[in-house]
Number of protein chains: 2
Amino acid sequence: MLKKTELSGVKEIARRANVSIATVDRVLHNRPGVSVKTKEKIDAIIKEMDYKPNLLARRLASRKVFKFAVLIPKESKETEYWKAPLEGIRAAWSEIQLYGVEVSFFLYDLNDRSTFNQEAEKIWKENFNGVIVAPSFISESTTFFKKCEELKIKCVFINSDISNVRPLSYIGPDLFQSGKLAGNLCKYLISEKGKALVLNISRELDSEHHLRKKEAGFKAHFDEARAKVDIEVMSLYNTDYDSVTKALDAYLQSNTIDLIFVTNSRVFTVAKYFEENNIRGIKLVGYDYLRQNLQYVENDIIDFLICQKPIEQGYQALLTLYDYFINQSSVDKIQFMPIDIITKENYRFYKN
Amino acid sequence: MLKKTELSGVKEIARRANVSIATVDRVLHNRPGVSVKTKEKIDAIIKEMDYKPNLLARRLASRKVFKFAVLIPKESKETEYWKAPLEGIRAAWSEIQLYGVEVSFFLYDLNDRSTFNQEAEKIWKENFNGVIVAPSFISESTTFFKKCEELKIKCVFINSDISNVRPLSYIGPDLFQSGKLAGNLCKYLISEKGKALVLNISRELDSEHHLRKKEAGFKAHFDEARAKVDIEVMSLYNTDYDSVTKALDAYLQSNTIDLIFVTNSRVFTVAKYFEENNIRGIKLVGYDYLRQNLQYVENDIIDFLICQKPIEQGYQALLTLYDYFINQSSVDKIQFMPIDIITKENYRFYKN
DNA sequence: TAGTAAATAGTGTACGTACCCGAAAATATT
DNA sequence: AATATTTTCGGGTACGTACACTATTTACTA
């Protein structure tokens, strides 16, 4: 039960090299103050021993503190989606806060892009090492990223990506492929020459841009499968239930469709409409493991939900910053989340 | 960047309680040698401070070493499934071996139940603290568990459970529900009054017992959905390709079916048969994220694979022992894995 | 009531690394 | 050659906890 006392660590390196621990430490962190000769000798020994620093001791002895910010949408009355990433970040934080990590939260309003900049300003005033961003608004986010680069603040993007910038890491779905999977599933729900409606429901144009990628993936699946399914697209900029109801009423008056694919978590709005109007013939597929949605999965109004682990996204985002700064390990530029399929029979076992 | 020096830890508790650090330590580990009065005083302060021990320091200072064993099937020529849990265990091990964890592997042959006992004997001879077991053979596993209880060796079961015993934790699928999900998916693949074949392919009777749970779940789904799908069941005890081919030839000669549900990872055998005989009309659903299976997902012979995160199972199993022994935290008796659905469009993003 | 055993508490070192501070050695300056 | 400067390096303490060992107090025996 007692640990074997095999010689290891800096002490052993120092002994073999005939130098002090401090000198070994200088080499390990390539700090100045070591002659080339001794540095080479020590490097050789390190290599020979295949020395791996004891992370426990390292973190314990280090008195560094890193400050991270979180810039994501606040949970809205309309959808509780953003609770999940926040939960993930909190979970990760509680695991690592002992090791010198401080986290501050800055939440903006998805329905008001000016709030994004307001919160961004606050972040720039303090001295953060890194920030977790959900780049909902393209131009604002691009500006934000540039400014952070100037200030040497490392960015991790979650949930959606934007082009032309290279953050420390992107953690989230492959949106196009996600849409393709939706197509894949829908193929099973309707007949060969069925008719499908792709429904984007989002107030701000920019976030709709991400929805468009899913839309494109959806279509791509049917193209590649050479299926002749008739696909129409509709975008709604008013996200409240009444507006959606009106739009659907109008649309269904003059169209007959077999399936609706809602490109984000607001699929429950449509499900509610189906339920209240007792519409049963139209299949429904959408996004995200939300209480509001699951209830309609349970009673067979929604057939499939596609999920991309929002909690895990937040969790991984903070751990990525931690790995980069505290562990100084290298970090994957892109961390795609799995594309999970949720049905009535497996949702109880899902880990978001 | 420097860590704030707020007083914390045992030292602060000792200061407030007017005792030495050692006394606080005794209370924390409820070791003897502390009067009731001081113990109460210290307990109160601990509570008041909401003291959380620094795990880094704790593990660094602890010289304990724990020995764990792994008793699972070896990877066979027929299916590489068991590579995955092993990989997960190895991954977890590499993360925690710094903290005084030793792991030894004992692999038995799924096609020869006597090898299970042979390996078990070896485990009993050494002095292990815990063991990860895949209890493939019911009676052997039950005996094994009893003996481990005598020897005070904690057991964690993975992949499948057995009744009447209560291991430290079970980590794996809910087999019944897993079958139900299969039914759920198959519903989309065939018409209202289609005909489905449930196919068990397994050499040893016992492991088939687990397959039967999936079979039951499968049927249950159609019962609950009140679908009139005709379900037949066939069990094959010879698992090699030629035997399966012959059995399928014979069966299909006299039966017309729309779908085959294979209750374990050997679905690729059937897929290969379909491919070589150019059978395209029969849908195919089975289990597990294996290279052999994925190739048939890619070329549309297999529609769905159901996966239960075998790597994660191994990973969690070792971490569970770690949590129990090293962290001394409480452990969930049952840790059901999610029931994941794999298709052509999402398998590249799956984490097993 | 001295003497001893048991219960209770404290001191000190170790875990492996980080880093401050000062000493020694090497080099440069006068 | 003596002094100043820079380069190179070692000593020592700290991080928060575990635990062996020692010291003190209390209870018990004869």
# chains A, B, ... in the order shown; residues from 1 in each chain; ligands from 1
$ residues_around --residues "B:Glu224" --least-positions-apart "4" --cutoff "12 Å" --atoms "only C-alpha atoms (C1' of nucleotides)" --output "mmCIF file with N, CA, C and O atoms, in the first residue's frame"
data_model
loop_
_atom_site.group_PDB
_atom_site.id
_atom_site.type_symbol
_atom_site.label_atom_id
_atom_site.label_comp_id
_atom_site.auth_asym_id
_atom_site.auth_seq_id
_atom_site.Cartn_x
_atom_site.Cartn_y
_atom_site.Cartn_z
ATOM 1 N N GLU A 345 -37.324 7.060 -26.904
ATOM 2 C CA GLU A 345 -36.814 5.902 -26.179
ATOM 3 C C GLU A 345 -35.435 6.103 -25.564
ATOM 4 O O GLU A 345 -34.980 5.289 -24.768
ATOM 5 N N LYS B 180 -35.629 -1.318 -26.876
ATOM 6 C CA LYS B 180 -36.814 -0.506 -27.191
ATOM 7 C C LYS B 180 -36.483 0.574 -28.207
ATOM 8 O O LYS B 180 -37.247 0.872 -29.110
ATOM 9 N N GLY B 183 -36.398 -0.840 -31.555
ATOM 10 C CA GLY B 183 -37.744 -0.940 -32.090
ATOM 11 C C GLY B 183 -38.229 0.393 -32.620
ATOM 12 O O GLY B 183 -38.793 0.487 -33.720
ATOM 13 N N ASN B 184 -37.992 1.417 -31.839
ATOM 14 C CA ASN B 184 -38.359 2.780 -32.220
ATOM 15 C C ASN B 184 -37.805 3.127 -33.595
ATOM 16 O O ASN B 184 -38.510 3.624 -34.469
ATOM 17 N N GLY B 217 -36.999 -5.760 -25.132
ATOM 18 C CA GLY B 217 -37.247 -4.336 -25.300
ATOM 19 C C GLY B 217 -37.768 -4.034 -26.694
ATOM 20 O O GLY B 217 -38.694 -3.239 -26.885
ATOM 21 N N PHE B 218 -37.181 -4.689 -27.649
ATOM 22 C CA PHE B 218 -37.572 -4.505 -29.045
ATOM 23 C C PHE B 218 -39.060 -4.807 -29.233
ATOM 24 O O PHE B 218 -39.815 -4.007 -29.777
ATOM 25 N N LYS B 219 -39.435 -5.946 -28.709
ATOM 26 C CA LYS B 219 -40.850 -6.318 -28.830
ATOM 27 C C LYS B 219 -41.746 -5.348 -28.063
ATOM 28 O O LYS B 219 -42.825 -4.987 -28.516
ATOM 29 N N ALA B 220 -41.265 -4.949 -26.904
ATOM 30 C CA ALA B 220 -42.076 -4.067 -26.069
ATOM 31 C C ALA B 220 -42.423 -2.774 -26.795
ATOM 32 O O ALA B 220 -43.527 -2.252 -26.663
ATOM 33 N N LYS B 228 -48.632 -3.656 -35.616
ATOM 34 C CA LYS B 228 -48.876 -5.076 -35.862
ATOM 35 C C LYS B 228 -47.705 -5.727 -36.591
ATOM 36 O O LYS B 228 -47.878 -6.654 -37.366
ATOM 37 N N VAL B 229 -46.526 -5.185 -36.350
ATOM 38 C CA VAL B 229 -45.356 -5.743 -37.015
ATOM 39 C C VAL B 229 -45.146 -7.190 -36.567
ATOM 40 O O VAL B 229 -45.273 -7.521 -35.391
#
$ residues_around --residues "B:Asp161" --least-positions-apart "6" --cutoff "9 Å" --atoms "only C-alpha atoms (C1' of nucleotides)" --output "count of residues only"
8
$ closest_atom_pairs --of "chain A" --to "chain B" --cutoff "8 Å" --atoms "only C-alpha atoms" --output "CSV"
residue,atom,partner,partner_atom,distance
A:Met1,CA,B:Val65,CA,4.8
A:Leu2,CA,B:Lys64,CA,5.0
A:Lys3,CA,B:Arg63,CA,5.1
A:Asn54,CA,B:Leu98,CA,7.3
A:Leu56,CA,B:Leu56,CA,5.2
A:Ala57,CA,B:Leu60,CA,6.6
A:Arg59,CA,B:Leu56,CA,7.6
A:Leu60,CA,B:Leu56,CA,6.3
A:Arg63,CA,B:Lys3,CA,5.0
A:Lys64,CA,B:Leu2,CA,4.9
A:Val65,CA,B:Met1,CA,4.9
A:Phe66,CA,B:Met1,CA,6.4
A:Leu98,CA,B:Asn54,CA,7.0
A:Gly100,CA,B:Lys3,CA,6.8
A:Gln177,CA,B:Glu345,CA,6.9
A:Ser178,CA,B:Asn346,CA,7.7
A:Lys180,CA,B:Glu345,CA,6.5
A:Leu181,CA,B:Glu345,CA,5.0
A:Asn184,CA,B:Glu345,CA,7.0
A:Tyr188,CA,B:Tyr188,CA,5.7
A:Leu189,CA,B:Tyr188,CA,6.4
A:Phe336,CA,B:Phe349,CA,6.9
A:Met337,CA,B:Phe349,CA,6.7
A:Pro338,CA,B:Phe349,CA,4.7
A:Ile339,CA,B:Asn346,CA,5.8
A:Asp340,CA,B:Asp340,CA,6.9
A:Ile341,CA,B:Ile341,CA,6.0
A:Thr343,CA,B:Leu181,CA,8.0
A:Glu345,CA,B:Leu181,CA,5.0
A:Asn346,CA,B:Ile339,CA,5.8
A:Phe349,CA,B:Pro338,CA,4.7
A:Tyr350,CA,B:Pro338,CA,5.0
A:Lys351,CA,B:Pro338,CA,6.8
$ atom_distance --atom1 "atom CA of A:Val165" --atom2 "atom CA of A:Lys146"
8.4 Å
$ interface_residues --of "chain D" --to "chain A" --cutoff "10 Å" --atoms "only C-alpha atoms (C1' of nucleotides)" --output "CSV table (one decimal) with N, CA, C and O atoms (P, O5', C5', C4', C3', O3' and C1' of nucleotides), in the first residue's frame"
chain,number,residue,atom,x,y,z
D,7,DT,P,24.9,39.4,-18.6
D,7,DT,O5',25.3,38.0,-18.1
D,7,DT,C5',26.7,37.5,-18.5
D,7,DT,C4',27.0,36.3,-17.7
D,7,DT,C3',25.9,35.2,-17.8
D,7,DT,O3',26.5,34.0,-18.3
D,7,DT,C1',26.6,35.5,-15.5
D,8,DT,P,25.6,32.7,-18.5
D,8,DT,O5',25.7,32.0,-17.2
D,8,DT,C5',26.9,31.5,-16.7
D,8,DT,C4',26.8,30.9,-15.3
D,8,DT,C3',25.7,29.9,-15.2
D,8,DT,O3',26.4,28.6,-14.9
D,8,DT,C1',25.7,31.4,-13.3
D,9,DC,P,25.5,27.3,-14.7
D,9,DC,O5',25.1,27.3,-13.2
D,9,DC,C5',26.1,27.1,-12.2
D,9,DC,C4',25.6,27.5,-10.9
D,9,DC,C3',24.6,26.5,-10.3
D,9,DC,O3',25.2,25.7,-9.3
D,9,DC,C1',24.2,28.8,-9.7
D,10,DG,P,24.5,24.4,-8.8
D,10,DG,O5',24.3,24.7,-7.2
D,10,DG,C5',25.3,25.3,-6.5
D,10,DG,C4',24.7,25.8,-5.2
D,10,DG,C3',23.8,24.9,-4.5
D,10,DG,O3',24.0,24.9,-3.1
D,10,DG,C1',22.7,27.0,-4.9
D,11,DG,P,23.3,24.0,-2.1
D,11,DG,O5',22.7,25.0,-1.0
D,11,DG,C5',23.2,26.3,-0.9
D,11,DG,C4',22.4,27.1,0.1
D,11,DG,C3',21.5,26.3,1.0
D,11,DG,O3',21.4,26.9,2.3
D,11,DG,C1',20.1,27.5,-0.4
D,14,DA,P,8.3,30.0,4.8
D,14,DA,O5',7.2,29.8,3.7
D,14,DA,C5',7.1,30.7,2.6
D,14,DA,C4',6.4,30.0,1.5
D,14,DA,C3',5.1,29.2,2.0
D,14,DA,O3',4.0,29.8,1.4
D,14,DA,C1',6.5,27.9,0.5
D,15,DC,P,2.6,29.4,2.1
D,15,DC,O5',1.8,28.6,1.0
D,15,DC,C5',1.9,28.8,-0.3
D,15,DC,C4',1.4,27.6,-1.1
D,15,DC,C3',0.5,26.7,-0.3
D,15,DC,O3',-0.8,27.0,-0.7
D,15,DC,C1',2.2,25.5,-1.5
D,16,DG,P,-1.9,27.3,0.5
D,16,DG,O5',-2.4,25.8,0.9
D,16,DG,C5',-3.1,25.0,-0.1
D,16,DG,C4',-3.1,23.6,0.4
D,16,DG,C3',-3.8,23.4,1.7
D,16,DG,O3',-4.7,22.3,1.6
D,16,DG,C1',-1.7,22.3,1.6
$ interface_residues --of "chain C" --to "chain B" --cutoff "7 Å" --atoms "only C-alpha atoms (C1' of nucleotides)" --output "MDAnalysis selection string"
chainID C and resid 7:10 15
$ write_last_selection --atoms "N, CA and C atoms (P, O5', C5', C4', C3', O3' and C1' of nucleotides)" --output "JSON list (two decimals), in the first residue's frame"
[["chain", "number", "residue", "atom", "x", "y", "z"],
["C", 7, "DA", "P", -7.68, 4.19, 25.52],
["C", 7, "DA", "O5'", -7.73, 5.77, 25.52],
["C", 7, "DA", "C5'", -8.38, 6.44, 26.60],
["C", 7, "DA", "C4'", -8.07, 7.92, 26.54],
["C", 7, "DA", "C3'", -8.41, 8.60, 25.22],
["C", 7, "DA", "O3'", -9.21, 9.74, 25.52],
["C", 7, "DA", "C1'", -6.19, 9.12, 25.85],
["C", 8, "DT", "P", -9.87, 10.60, 24.34],
["C", 8, "DT", "O5'", -8.78, 11.70, 24.04],
["C", 8, "DT", "C5'", -8.58, 12.72, 24.99],
["C", 8, "DT", "C4'", -7.35, 13.52, 24.64],
["C", 8, "DT", "C3'", -7.42, 14.27, 23.31],
["C", 8, "DT", "O3'", -7.61, 15.64, 23.60],
["C", 8, "DT", "C1'", -5.25, 13.35, 23.75],
["C", 9, "DA", "P", -7.84, 16.67, 22.41],
["C", 9, "DA", "O5'", -6.35, 17.13, 22.06],
["C", 9, "DA", "C5'", -5.61, 17.84, 23.05],
["C", 9, "DA", "C4'", -4.17, 17.98, 22.60],
["C", 9, "DA", "C3'", -3.98, 18.70, 21.27],
["C", 9, "DA", "O3'", -3.35, 19.96, 21.51],
["C", 9, "DA", "C1'", -2.57, 16.79, 21.47],
["C", 10, "DG", "P", -2.98, 20.92, 20.32],
["C", 10, "DG", "O5'", -1.42, 20.65, 20.12],
["C", 10, "DG", "C5'", -0.56, 20.74, 21.25],
["C", 10, "DG", "C4'", 0.88, 20.45, 20.84],
["C", 10, "DG", "C3'", 1.38, 21.22, 19.62],
["C", 10, "DG", "O3'", 2.70, 21.68, 19.86],
["C", 10, "DG", "C1'", 1.61, 18.90, 19.23],
["C", 15, "DC", "P", 10.21, 12.76, 0.23],
["C", 15, "DC", "O5'", 8.93, 12.86, -0.72],
["C", 15, "DC", "C5'", 7.71, 12.24, -0.41],
["C", 15, "DC", "C4'", 6.61, 12.95, -1.16],
["C", 15, "DC", "C3'", 7.08, 13.72, -2.39],
["C", 15, "DC", "O3'", 6.93, 12.90, -3.53],
["C", 15, "DC", "C1'", 5.48, 14.98, -1.08]]
$ atom_distance --atom1 "atom CA of A:Glu275" --atom2 "atom CA of A:Ile231"
23.5 Å
$ atom_distance --atom1 "atom CA of A:Val267" --atom2 "atom CA of A:Ile302"
8.4 Å
$ select_by_dssp --residues "stretch 81-324 of chain B" --states "strand (DSSP E)" --output "count of residues only"
48
$ closest_residue --among "D:DC21, D:DT3, D:DG12, D:DT26" --to "C:DT13" --atoms "only C-alpha atoms (C1' of nucleotides)"
D:DC21
$ residues_around --residues "B:Val70" --least-positions-apart "2" --cutoff "10 Å" --atoms "only C-alpha atoms (C1' of nucleotides)" --output "PyMOL selection string"
chain B and resi 68+72-73+86+89+103-107+119-120+123+130-134+155-156+314+317-318
$ write_last_selection --atoms "N, CA and C atoms" --output "PDB file, in the first residue's frame"
ATOM      1  N   PHE B  68      -5.614  -2.157  -8.744  1.00  0.00           N
ATOM      2  CA  PHE B  68      -6.876  -2.568  -9.350  1.00  0.00           C
ATOM      3  C   PHE B  68      -6.627  -3.624 -10.422  1.00  0.00           C
ATOM      4  N   ILE B  72     -11.896  -8.764 -18.121  1.00  0.00           N
ATOM      5  CA  ILE B  72     -12.834  -8.604 -19.241  1.00  0.00           C
ATOM      6  C   ILE B  72     -12.412  -9.542 -20.374  1.00  0.00           C
ATOM      7  N   PRO B  73     -13.288  -9.736 -21.357  1.00  0.00           N
ATOM      8  CA  PRO B  73     -12.927 -10.618 -22.478  1.00  0.00           C
ATOM      9  C   PRO B  73     -11.776 -10.032 -23.276  1.00  0.00           C
ATOM     10  N   LEU B  86     -11.074  -1.563 -23.024  1.00  0.00           N
ATOM     11  CA  LEU B  86      -9.671  -1.603 -22.637  1.00  0.00           C
ATOM     12  C   LEU B  86      -9.008  -0.254 -22.890  1.00  0.00           C
ATOM     13  N   ILE B  89     -10.056   2.197 -20.269  1.00  0.00           N
ATOM     14  CA  ILE B  89      -9.377   1.971 -18.985  1.00  0.00           C
ATOM     15  C   ILE B  89      -7.953   2.509 -19.046  1.00  0.00           C
ATOM     16  N   VAL B 103      -2.651  -0.814 -12.196  1.00  0.00           N
ATOM     17  CA  VAL B 103      -3.694  -1.596 -12.851  1.00  0.00           C
ATOM     18  C   VAL B 103      -3.082  -2.830 -13.507  1.00  0.00           C
ATOM     19  N   SER B 104      -3.710  -3.974 -13.277  1.00  0.00           N
ATOM     20  CA  SER B 104      -3.271  -5.208 -13.940  1.00  0.00           C
ATOM     21  C   SER B 104      -4.424  -5.775 -14.758  1.00  0.00           C
ATOM     22  N   PHE B 105      -4.088  -6.372 -15.875  1.00  0.00           N
ATOM     23  CA  PHE B 105      -5.122  -6.841 -16.796  1.00  0.00           C
ATOM     24  C   PHE B 105      -5.184  -8.367 -16.828  1.00  0.00           C
ATOM     25  N   PHE B 106      -6.411  -8.881 -16.791  1.00  0.00           N
ATOM     26  CA  PHE B 106      -6.654 -10.322 -16.865  1.00  0.00           C
ATOM     27  C   PHE B 106      -7.757 -10.536 -17.904  1.00  0.00           C
ATOM     28  N   LEU B 107      -7.377 -11.089 -19.048  1.00  0.00           N
ATOM     29  CA  LEU B 107      -8.339 -11.192 -20.148  1.00  0.00           C
ATOM     30  C   LEU B 107      -8.748 -12.642 -20.370  1.00  0.00           C
ATOM     31  N   GLU B 119      -8.443 -16.904 -14.860  1.00  0.00           N
ATOM     32  CA  GLU B 119      -7.982 -15.542 -14.601  1.00  0.00           C
ATOM     33  C   GLU B 119      -8.420 -15.079 -13.212  1.00  0.00           C
ATOM     34  N   ALA B 120      -9.623 -15.464 -12.841  1.00  0.00           N
ATOM     35  CA  ALA B 120     -10.138 -15.075 -11.527  1.00  0.00           C
ATOM     36  C   ALA B 120      -9.207 -15.564 -10.413  1.00  0.00           C
ATOM     37  N   ILE B 123      -6.334 -13.375  -9.834  1.00  0.00           N
ATOM     38  CA  ILE B 123      -6.678 -12.122  -9.150  1.00  0.00           C
ATOM     39  C   ILE B 123      -6.736 -12.331  -7.641  1.00  0.00           C
ATOM     40  N   GLY B 130      -9.546  -3.334  -5.825  1.00  0.00           N
ATOM     41  CA  GLY B 130     -10.778  -3.324  -6.597  1.00  0.00           C
ATOM     42  C   GLY B 130     -10.582  -3.998  -7.933  1.00  0.00           C
ATOM     43  N   VAL B 131     -11.700  -4.339  -8.570  1.00  0.00           N
ATOM     44  CA  VAL B 131     -11.607  -5.015  -9.864  1.00  0.00           C
ATOM     45  C   VAL B 131     -12.747  -4.570 -10.775  1.00  0.00           C
ATOM     46  N   ILE B 132     -12.420  -4.405 -12.037  1.00  0.00           N
ATOM     47  CA  ILE B 132     -13.414  -4.088 -13.061  1.00  0.00           C
ATOM     48  C   ILE B 132     -13.758  -5.386 -13.785  1.00  0.00           C
ATOM     49  N   VAL B 133     -15.031  -5.752 -13.764  1.00  0.00           N
ATOM     50  CA  VAL B 133     -15.434  -7.038 -14.336  1.00  0.00           C
ATOM     51  C   VAL B 133     -16.498  -6.861 -15.412  1.00  0.00           C
ATOM     52  N   ALA B 134     -16.331  -7.595 -16.490  1.00  0.00           N
ATOM     53  CA  ALA B 134     -17.419  -7.753 -17.449  1.00  0.00           C
ATOM     54  C   ALA B 134     -18.010  -9.129 -17.187  1.00  0.00           C
ATOM     55  N   CYS B 155     -15.975  -4.578  -6.473  1.00  0.00           N
ATOM     56  CA  CYS B 155     -16.219  -4.885  -7.880  1.00  0.00           C
ATOM     57  C   CYS B 155     -16.981  -3.764  -8.575  1.00  0.00           C
ATOM     58  N   VAL B 156     -16.553  -3.455  -9.794  1.00  0.00           N
ATOM     59  CA  VAL B 156     -17.336  -2.596 -10.680  1.00  0.00           C
ATOM     60  C   VAL B 156     -17.670  -3.417 -11.919  1.00  0.00           C
ATOM     61  N   GLY B 314     -15.228   1.860 -19.951  1.00  0.00           N
ATOM     62  CA  GLY B 314     -13.962   1.507 -19.320  1.00  0.00           C
ATOM     63  C   GLY B 314     -13.378   2.678 -18.552  1.00  0.00           C
ATOM     64  N   ALA B 317     -15.269   3.313 -15.435  1.00  0.00           N
ATOM     65  CA  ALA B 317     -15.110   2.235 -14.466  1.00  0.00           C
ATOM     66  C   ALA B 317     -13.872   2.474 -13.603  1.00  0.00           C
ATOM     67  N   LEU B 318     -12.770   2.791 -14.265  1.00  0.00           N
ATOM     68  CA  LEU B 318     -11.557   3.016 -13.482  1.00  0.00           C
ATOM     69  C   LEU B 318     -11.670   4.288 -12.647  1.00  0.00           C
TER      70      LEU B 318
END
$ residues_around --residues "B:Thr143" --least-positions-apart "3" --cutoff "12 Å" --atoms "only C-alpha atoms (C1' of nucleotides)" --output "list of chain:residue names"
B:Phe116, B:Asn117, B:Ala120, B:Glu121, B:Pro135, B:Phe137, B:Ile138, B:Ser139, B:Glu140, B:Lys146, B:Lys147, B:Cys148, B:Glu149, B:Glu150, B:Ile162, B:Asn164, B:Val165
$ residues_around --residues "stretch 42-47 of chain B" --least-positions-apart "5" --cutoff "10 Å" --atoms "only C-alpha atoms (C1' of nucleotides)" --output "NGL selection string"
:B and (9-10 or 12-14 or 16-19 or 23-24 or 27-28 or 36-37 or 52)
$ write_last_selection --atoms "N, CA and C atoms" --output "short mmCIF file (atom, residue, chain, number, x, y, z; two decimals), in the first residue's frame"
data_model
loop_
_atom_site.label_atom_id
_atom_site.label_comp_id
_atom_site.auth_asym_id
_atom_site.auth_seq_id
_atom_site.Cartn_x
_atom_site.Cartn_y
_atom_site.Cartn_z
N GLY B 9 -7.66 26.32 4.40
CA GLY B 9 -7.09 25.01 4.66
C GLY B 9 -7.03 24.65 6.13
N VAL B 10 -6.41 23.53 6.36
CA VAL B 10 -6.33 23.00 7.71
C VAL B 10 -5.67 23.98 8.66
N GLU B 12 -5.82 27.18 8.79
CA GLU B 12 -6.78 28.16 9.28
C GLU B 12 -7.77 27.53 10.25
N ILE B 13 -8.19 26.33 9.94
CA ILE B 13 -9.09 25.63 10.87
C ILE B 13 -8.40 25.46 12.23
N ALA B 14 -7.15 25.03 12.18
CA ALA B 14 -6.40 24.82 13.42
C ALA B 14 -6.29 26.12 14.21
N ARG B 16 -8.27 28.77 14.15
CA ARG B 16 -9.55 29.15 14.73
C ARG B 16 -9.93 28.26 15.91
N ALA B 17 -9.58 26.99 15.82
CA ALA B 17 -10.00 26.06 16.88
C ALA B 17 -8.99 26.01 18.01
N ASN B 18 -7.88 26.69 17.80
CA ASN B 18 -6.86 26.70 18.84
C ASN B 18 -6.28 25.30 19.09
N VAL B 19 -6.08 24.60 18.02
CA VAL B 19 -5.47 23.27 18.13
C VAL B 19 -4.37 23.18 17.07
N THR B 23 -4.34 17.63 14.84
CA THR B 23 -5.64 17.34 15.42
C THR B 23 -6.75 17.53 14.39
N VAL B 24 -6.64 18.62 13.64
CA VAL B 24 -7.61 18.85 12.58
C VAL B 24 -7.58 17.67 11.61
N VAL B 27 -9.49 14.76 12.84
CA VAL B 27 -10.93 14.93 12.69
C VAL B 27 -11.34 14.70 11.24
N LEU B 28 -10.59 15.29 10.33
CA LEU B 28 -10.94 15.18 8.92
C LEU B 28 -11.01 13.72 8.45
N VAL B 36 -14.20 14.22 22.32
CA VAL B 36 -15.48 14.57 21.69
C VAL B 36 -15.63 16.09 21.59
N LYS B 37 -15.21 16.76 22.65
CA LYS B 37 -15.42 18.20 22.70
C LYS B 37 -14.66 18.90 21.55
N LYS B 52 -13.09 22.84 1.88
CA LYS B 52 -12.89 21.81 0.85
C LYS B 52 -11.40 21.51 0.79
#
$ closest_residue --among "B:Val244, B:Ile158, B:Ala216, B:Leu71" --to "B:Arg266" --atoms "only C-alpha atoms"
B:Val244
$ residues_around --residues "B:Tyr237" --least-positions-apart "2" --cutoff "10 Å" --atoms "only C-alpha atoms (C1' of nucleotides)" --output "ChimeraX atom specification"
/B:200-205,208,235,239-240,243-244
$ write_last_selection --atoms "N, CA and C atoms" --output "JSON list (two decimals), in the first residue's frame"
[["chain", "number", "residue", "atom", "x", "y", "z"],
["B", 200, "ASN", "N", -30.10, -13.22, -32.75],
["B", 200, "ASN", "CA", -29.07, -13.32, -31.71],
["B", 200, "ASN", "C", -27.92, -14.18, -32.25],
["B", 201, "ILE", "N", -26.74, -13.66, -32.24],
["B", 201, "ILE", "CA", -25.57, -14.42, -32.69],
["B", 201, "ILE", "C", -24.56, -14.46, -31.55],
["B", 202, "SER", "N", -24.47, -15.62, -30.90],
["B", 202, "SER", "CA", -23.55, -15.70, -29.77],
["B", 202, "SER", "C", -23.27, -17.15, -29.43],
["B", 203, "ARG", "N", -22.03, -17.42, -29.09],
["B", 203, "ARG", "CA", -21.62, -18.79, -28.88],
["B", 203, "ARG", "C", -22.05, -19.31, -27.50],
["B", 204, "GLU", "N", -21.83, -18.50, -26.50],
["B", 204, "GLU", "CA", -22.15, -18.96, -25.14],
["B", 204, "GLU", "C", -23.56, -18.56, -24.75],
["B", 205, "LEU", "N", -24.21, -19.48, -24.08],
["B", 205, "LEU", "CA", -25.61, -19.22, -23.72],
["B", 205, "LEU", "C", -25.76, -18.00, -22.83],
["B", 208, "GLU", "N", -25.94, -14.71, -24.18],
["B", 208, "GLU", "CA", -27.19, -14.54, -24.89],
["B", 208, "GLU", "C", -28.28, -14.02, -23.97],
["B", 235, "SER", "N", -31.83, -17.61, -33.11],
["B", 235, "SER", "CA", -30.57, -17.56, -32.38],
["B", 235, "SER", "C", -29.55, -18.47, -33.06],
["B", 239, "THR", "N", -20.79, -18.58, -34.66],
["B", 239, "THR", "CA", -20.67, -17.16, -34.97],
["B", 239, "THR", "C", -19.82, -16.88, -36.21],
["B", 240, "ASP", "N", -19.21, -17.91, -36.77],
["B", 240, "ASP", "CA", -18.37, -17.65, -37.94],
["B", 240, "ASP", "C", -19.22, -17.34, -39.17],
["B", 243, "SER", "N", -21.20, -20.23, -41.10],
["B", 243, "SER", "CA", -22.39, -20.72, -40.41],
["B", 243, "SER", "C", -23.55, -19.75, -40.53],
["B", 244, "VAL", "N", -23.23, -18.49, -40.33],
["B", 244, "VAL", "CA", -24.28, -17.48, -40.42],
["B", 244, "VAL", "C", -24.86, -17.46, -41.83]]
